[in-house]
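Asks: A single structure is presented below for examination.
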Amino acid sequence: ALQIARDEPVRRERLHRNVGRLRSGLGTLGFATLDNRTPIVPVVLGEERRAIAIATHVFDLGIYAPAVRPPTVPEGTSRLRVSLRADHTEAQIDALLEALQCTAIL
């Protein structure tokens, strides 16, 4: 894996573009994320019940973004854990954003 990371910078660049696309879309939709620079993007949702409902909703659409909730995170900061890869397509990222857009009432 380290050899690939060194020899194939295009993958790293693609991963950074994917992270940027997701973060930008989440911001447009009004979702809070933590300020980190990793391909693991936490989508902070607050209530545990809401995080579970949204994780279930996106899972039913074929997207795996598990809910992380207390005691793993502090009370009131439950979230989705979105793990991006370089081989995720723009269409896949947009599908997640579309699925999340439909969760405003949850």
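As shown in the structure tokens, the chain order sets the letters A, B, ...; within each chain, residues go from 1, and ligands are also counted from 1 in the order they appear.
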To test your reading of the structure, identify every residue in chain A that backbone DSSP assigns to alpha helix (DSSP H), and report it as a ChimeraX atom specification.

Replies: /A:2-7,9-29,48-60,90-101

Asks: Excluding Gln92 of chain A and residues on its chain fewer than 6 positions from it, collect all residues at most 12 Å away from it, counting only C-alpha atoms, and give them as a list in words.

Replies: Asn18, Arg21, Leu22, Val58, Leu61, Gly62, Ile63, Tyr64, Leu84, Arg85, Ala86, Glu98 and Ala99 of chain A

Asks: Please dump the current selection as a PDB file, in the first residue's frame; keep C-alpha atoms.

Replies:
```
ATOM      1  CA  ASN A  18     -13.542  13.067  -3.587  1.00  0.00           C
ATOM      2  CA  ARG A  21     -16.632  17.085  -3.343  1.00  0.00           C
ATOM      3  CA  LEU A  22     -18.314  15.396  -0.389  1.00  0.00           C
ATOM      4  CA  VAL A  58     -28.725   5.353   3.283  1.00  0.00           C
ATOM      5  CA  LEU A  61     -30.185   2.714  -0.724  1.00  0.00           C
ATOM      6  CA  GLY A  62     -27.004   0.642  -0.900  1.00  0.00           C
ATOM      7  CA  ILE A  63     -24.681   3.111   0.839  1.00  0.00           C
ATOM      8  CA  TYR A  64     -22.715   2.064   3.900  1.00  0.00           C
ATOM      9  CA  LEU A  84     -14.068   7.647   1.042  1.00  0.00           C
ATOM     10  CA  ARG A  85     -11.705   5.928  -1.357  1.00  0.00           C
ATOM     11  CA  ALA A  86      -9.983   7.060  -4.519  1.00  0.00           C
ATOM     12  CA  GLU A  98     -28.942  13.064  -2.636  1.00  0.00           C
ATOM     13  CA  ALA A  99     -29.844  10.450  -0.019  1.00  0.00           C
TER      14      ALA A  99
END
```

Asks: As a PyMOL selection string, please: every residue in chain A that a backbone DSSP assignment puts in strand (DSSP E).

Replies: chain A and resi 32-33+40-46+67-68+78-83

Asks: Select, from A:Val82, A:Ile4, A:Leu34, A:Ala51, the residue with the minimum atom-to-atom distance to Pro70 of chain A, counting only C-alpha atoms.

Replies: A:Ala51

Asks: Name the closest residue to Phe31 of chain A among the candidates A:Gln101, A:Thr89, A:Thr72, A:Thr56; distances are taken between atoms, counting only C-alpha atoms.

Replies: A:Gln101

Asks: Which residues are near Val19 of chain A? Cut-off 9 Å, only C-alpha atoms, ignore same chain within fewer than 4 positions. Put them as a list in words.

Replies: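 The residues satisfying every condition are Arg14, Leu15, Arg23, Ser24, Arg37, Thr38, Pro39, Ile40, Val41, Leu84 and Arg85 of chain A.
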
Asks: For Ile52 of chain A, work out the shell of residues within 10 Å, counting only C-alpha atoms and skipping chain neighbours fewer than 4 positions away, then give it as an MDAnalysis selection string.

Replies: chainID A and resid 45 47:48 56:57 66:69 78:80 106

Asks: Keeping only all heavy atoms, write those residues as an mmCIF file, in the first residue's frame.

Replies:
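Output below, filename out.cif:
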```cif
data_model
loop_
_atom_site.group_PDB
_atom_site.id
_atom_site.type_symbol
_atom_site.label_atom_id
_atom_site.label_comp_id
_atom_site.auth_asym_id
_atom_site.auth_seq_id
_atom_site.Cartn_x
_atom_site.Cartn_y
_atom_site.Cartn_z
ATOM 1 N N LEU A 45 -24.695 14.657 13.362
ATOM 2 C CA LEU A 45 -26.151 14.743 13.291
ATOM 3 C C LEU A 45 -26.803 15.053 14.635
ATOM 4 O O LEU A 45 -27.970 15.400 14.673
ATOM 5 C CB LEU A 45 -26.716 13.432 12.733
ATOM 6 C CG LEU A 45 -26.220 13.072 11.334
ATOM 7 C CD1 LEU A 45 -26.603 11.657 10.972
ATOM 8 C CD2 LEU A 45 -26.752 14.065 10.319
ATOM 9 N N GLU A 47 -28.504 13.895 17.644
ATOM 10 C CA GLU A 47 -29.214 12.853 18.374
ATOM 11 C C GLU A 47 -28.904 11.458 17.846
ATOM 12 O O GLU A 47 -28.857 11.238 16.636
ATOM 13 C CB GLU A 47 -30.722 13.063 18.280
ATOM 14 C CG GLU A 47 -31.232 14.312 18.947
ATOM 15 C CD GLU A 47 -32.736 14.447 18.788
ATOM 16 O OE1 GLU A 47 -33.410 13.448 18.454
ATOM 17 O OE2 GLU A 47 -33.225 15.563 18.992
ATOM 18 N N GLU A 48 -28.751 10.536 18.771
ATOM 19 C CA GLU A 48 -28.470 9.145 18.425
ATOM 20 C C GLU A 48 -29.563 8.572 17.521
ATOM 21 O O GLU A 48 -29.271 7.920 16.516
ATOM 22 C CB GLU A 48 -28.354 8.330 19.713
ATOM 23 C CG GLU A 48 -28.020 6.885 19.505
ATOM 24 C CD GLU A 48 -27.837 6.150 20.830
ATOM 25 O OE1 GLU A 48 -27.778 6.782 21.898
ATOM 26 O OE2 GLU A 48 -27.740 4.915 20.757
ATOM 27 N N THR A 56 -29.634 4.007 8.544
ATOM 28 C CA THR A 56 -30.527 2.969 8.006
ATOM 29 C C THR A 56 -31.057 3.378 6.637
ATOM 30 O O THR A 56 -31.092 2.567 5.707
ATOM 31 C CB THR A 56 -31.687 2.702 8.987
ATOM 32 O OG1 THR A 56 -31.137 2.274 10.236
ATOM 33 C CG2 THR A 56 -32.640 1.648 8.440
ATOM 34 N N HIS A 57 -31.446 4.629 6.508
ATOM 35 C CA HIS A 57 -31.973 5.136 5.233
ATOM 36 C C HIS A 57 -30.944 4.988 4.112
ATOM 37 O O HIS A 57 -31.259 4.454 3.041
ATOM 38 C CB HIS A 57 -32.377 6.606 5.393
ATOM 39 C CG HIS A 57 -32.714 7.290 4.114
ATOM 40 N ND1 HIS A 57 -33.852 7.015 3.392
ATOM 41 C CD2 HIS A 57 -32.033 8.233 3.412
ATOM 42 C CE1 HIS A 57 -33.864 7.769 2.298
ATOM 43 N NE2 HIS A 57 -32.784 8.505 2.284
ATOM 44 N N PRO A 66 -22.070 4.005 8.504
ATOM 45 C CA PRO A 66 -22.603 3.617 9.809
ATOM 46 C C PRO A 66 -22.746 4.786 10.784
ATOM 47 O O PRO A 66 -22.014 5.771 10.706
ATOM 48 C CB PRO A 66 -21.578 2.606 10.322
ATOM 49 C CG PRO A 66 -20.315 2.968 9.631
ATOM 50 C CD PRO A 66 -20.726 3.477 8.277
ATOM 51 N N ALA A 67 -23.707 4.622 11.688
ATOM 52 C CA ALA A 67 -23.898 5.597 12.762
ATOM 53 C C ALA A 67 -22.855 5.345 13.847
ATOM 54 O O ALA A 67 -22.582 4.204 14.207
ATOM 55 C CB ALA A 67 -25.303 5.472 13.335
ATOM 56 N N VAL A 68 -22.285 6.415 14.341
ATOM 57 C CA VAL A 68 -21.373 6.353 15.479
ATOM 58 C C VAL A 68 -22.047 7.146 16.588
ATOM 59 O O VAL A 68 -22.424 8.301 16.386
ATOM 60 C CB VAL A 68 -19.997 6.967 15.132
ATOM 61 C CG1 VAL A 68 -19.067 6.886 16.327
ATOM 62 C CG2 VAL A 68 -19.395 6.270 13.919
ATOM 63 N N ARG A 69 -22.207 6.515 17.726
ATOM 64 C CA ARG A 69 -22.970 7.136 18.800
ATOM 65 C C ARG A 69 -22.352 6.815 20.154
ATOM 66 O O ARG A 69 -21.428 6.014 20.234
ATOM 67 C CB ARG A 69 -24.418 6.662 18.717
ATOM 68 C CG ARG A 69 -24.561 5.169 18.685
ATOM 69 C CD ARG A 69 -25.962 4.781 18.208
ATOM 70 N NE ARG A 69 -26.272 3.418 18.542
ATOM 71 C CZ ARG A 69 -25.996 2.368 17.783
ATOM 72 N NH1 ARG A 69 -25.409 2.545 16.619
ATOM 73 N NH2 ARG A 69 -26.307 1.161 18.158
ATOM 74 N N SER A 78 -23.758 12.386 17.926
ATOM 75 C CA SER A 78 -23.834 11.195 17.069
ATOM 76 C C SER A 78 -23.656 11.617 15.624
ATOM 77 O O SER A 78 -24.003 12.728 15.227
ATOM 78 C CB SER A 78 -25.167 10.488 17.278
ATOM 79 O OG SER A 78 -25.220 9.923 18.565
ATOM 80 N N ARG A 79 -23.136 10.703 14.832
ATOM 81 C CA ARG A 79 -22.754 11.067 13.463
ATOM 82 C C ARG A 79 -22.730 9.848 12.559
ATOM 83 O O ARG A 79 -22.782 8.721 13.019
ATOM 84 C CB ARG A 79 -21.370 11.707 13.472
ATOM 85 C CG ARG A 79 -20.296 10.744 14.010
ATOM 86 C CD ARG A 79 -19.043 11.415 14.459
ATOM 87 N NE ARG A 79 -19.284 12.170 15.668
ATOM 88 C CZ ARG A 79 -18.368 12.841 16.325
ATOM 89 N NH1 ARG A 79 -17.128 12.846 15.902
ATOM 90 N NH2 ARG A 79 -18.656 13.507 17.402
ATOM 91 N N LEU A 80 -22.625 10.123 11.275
ATOM 92 C CA LEU A 80 -22.332 9.089 10.297
ATOM 93 C C LEU A 80 -20.827 9.083 10.081
ATOM 94 O O LEU A 80 -20.179 10.126 10.130
ATOM 95 C CB LEU A 80 -23.007 9.365 8.955
ATOM 96 C CG LEU A 80 -24.514 9.402 8.908
ATOM 97 C CD1 LEU A 80 -24.973 9.620 7.471
ATOM 98 C CD2 LEU A 80 -25.133 8.164 9.493
ATOM 99 N N LEU A 106 -35.741 13.893 9.180
ATOM 100 C CA LEU A 106 -35.403 12.895 10.198
ATOM 101 C C LEU A 106 -34.667 13.515 11.373
ATOM 102 O O LEU A 106 -33.900 14.383 11.263
ATOM 103 C CB LEU A 106 -34.553 11.776 9.574
ATOM 104 C CG LEU A 106 -35.226 10.946 8.507
ATOM 105 C CD1 LEU A 106 -34.238 9.942 7.925
ATOM 106 C CD2 LEU A 106 -36.423 10.219 9.053
#
```

Asks: Which residue gives the smallest distance to Thr33 of chain A among A:Ala91, A:Pro71, A:Thr77, A:Cys102, with only C-alpha atoms counted?

Replies: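 Of A:Ala91, A:Pro71, A:Thr77, A:Cys102, the one nearest Thr33 of chain A is A:Thr77, counting only C-alpha atoms.
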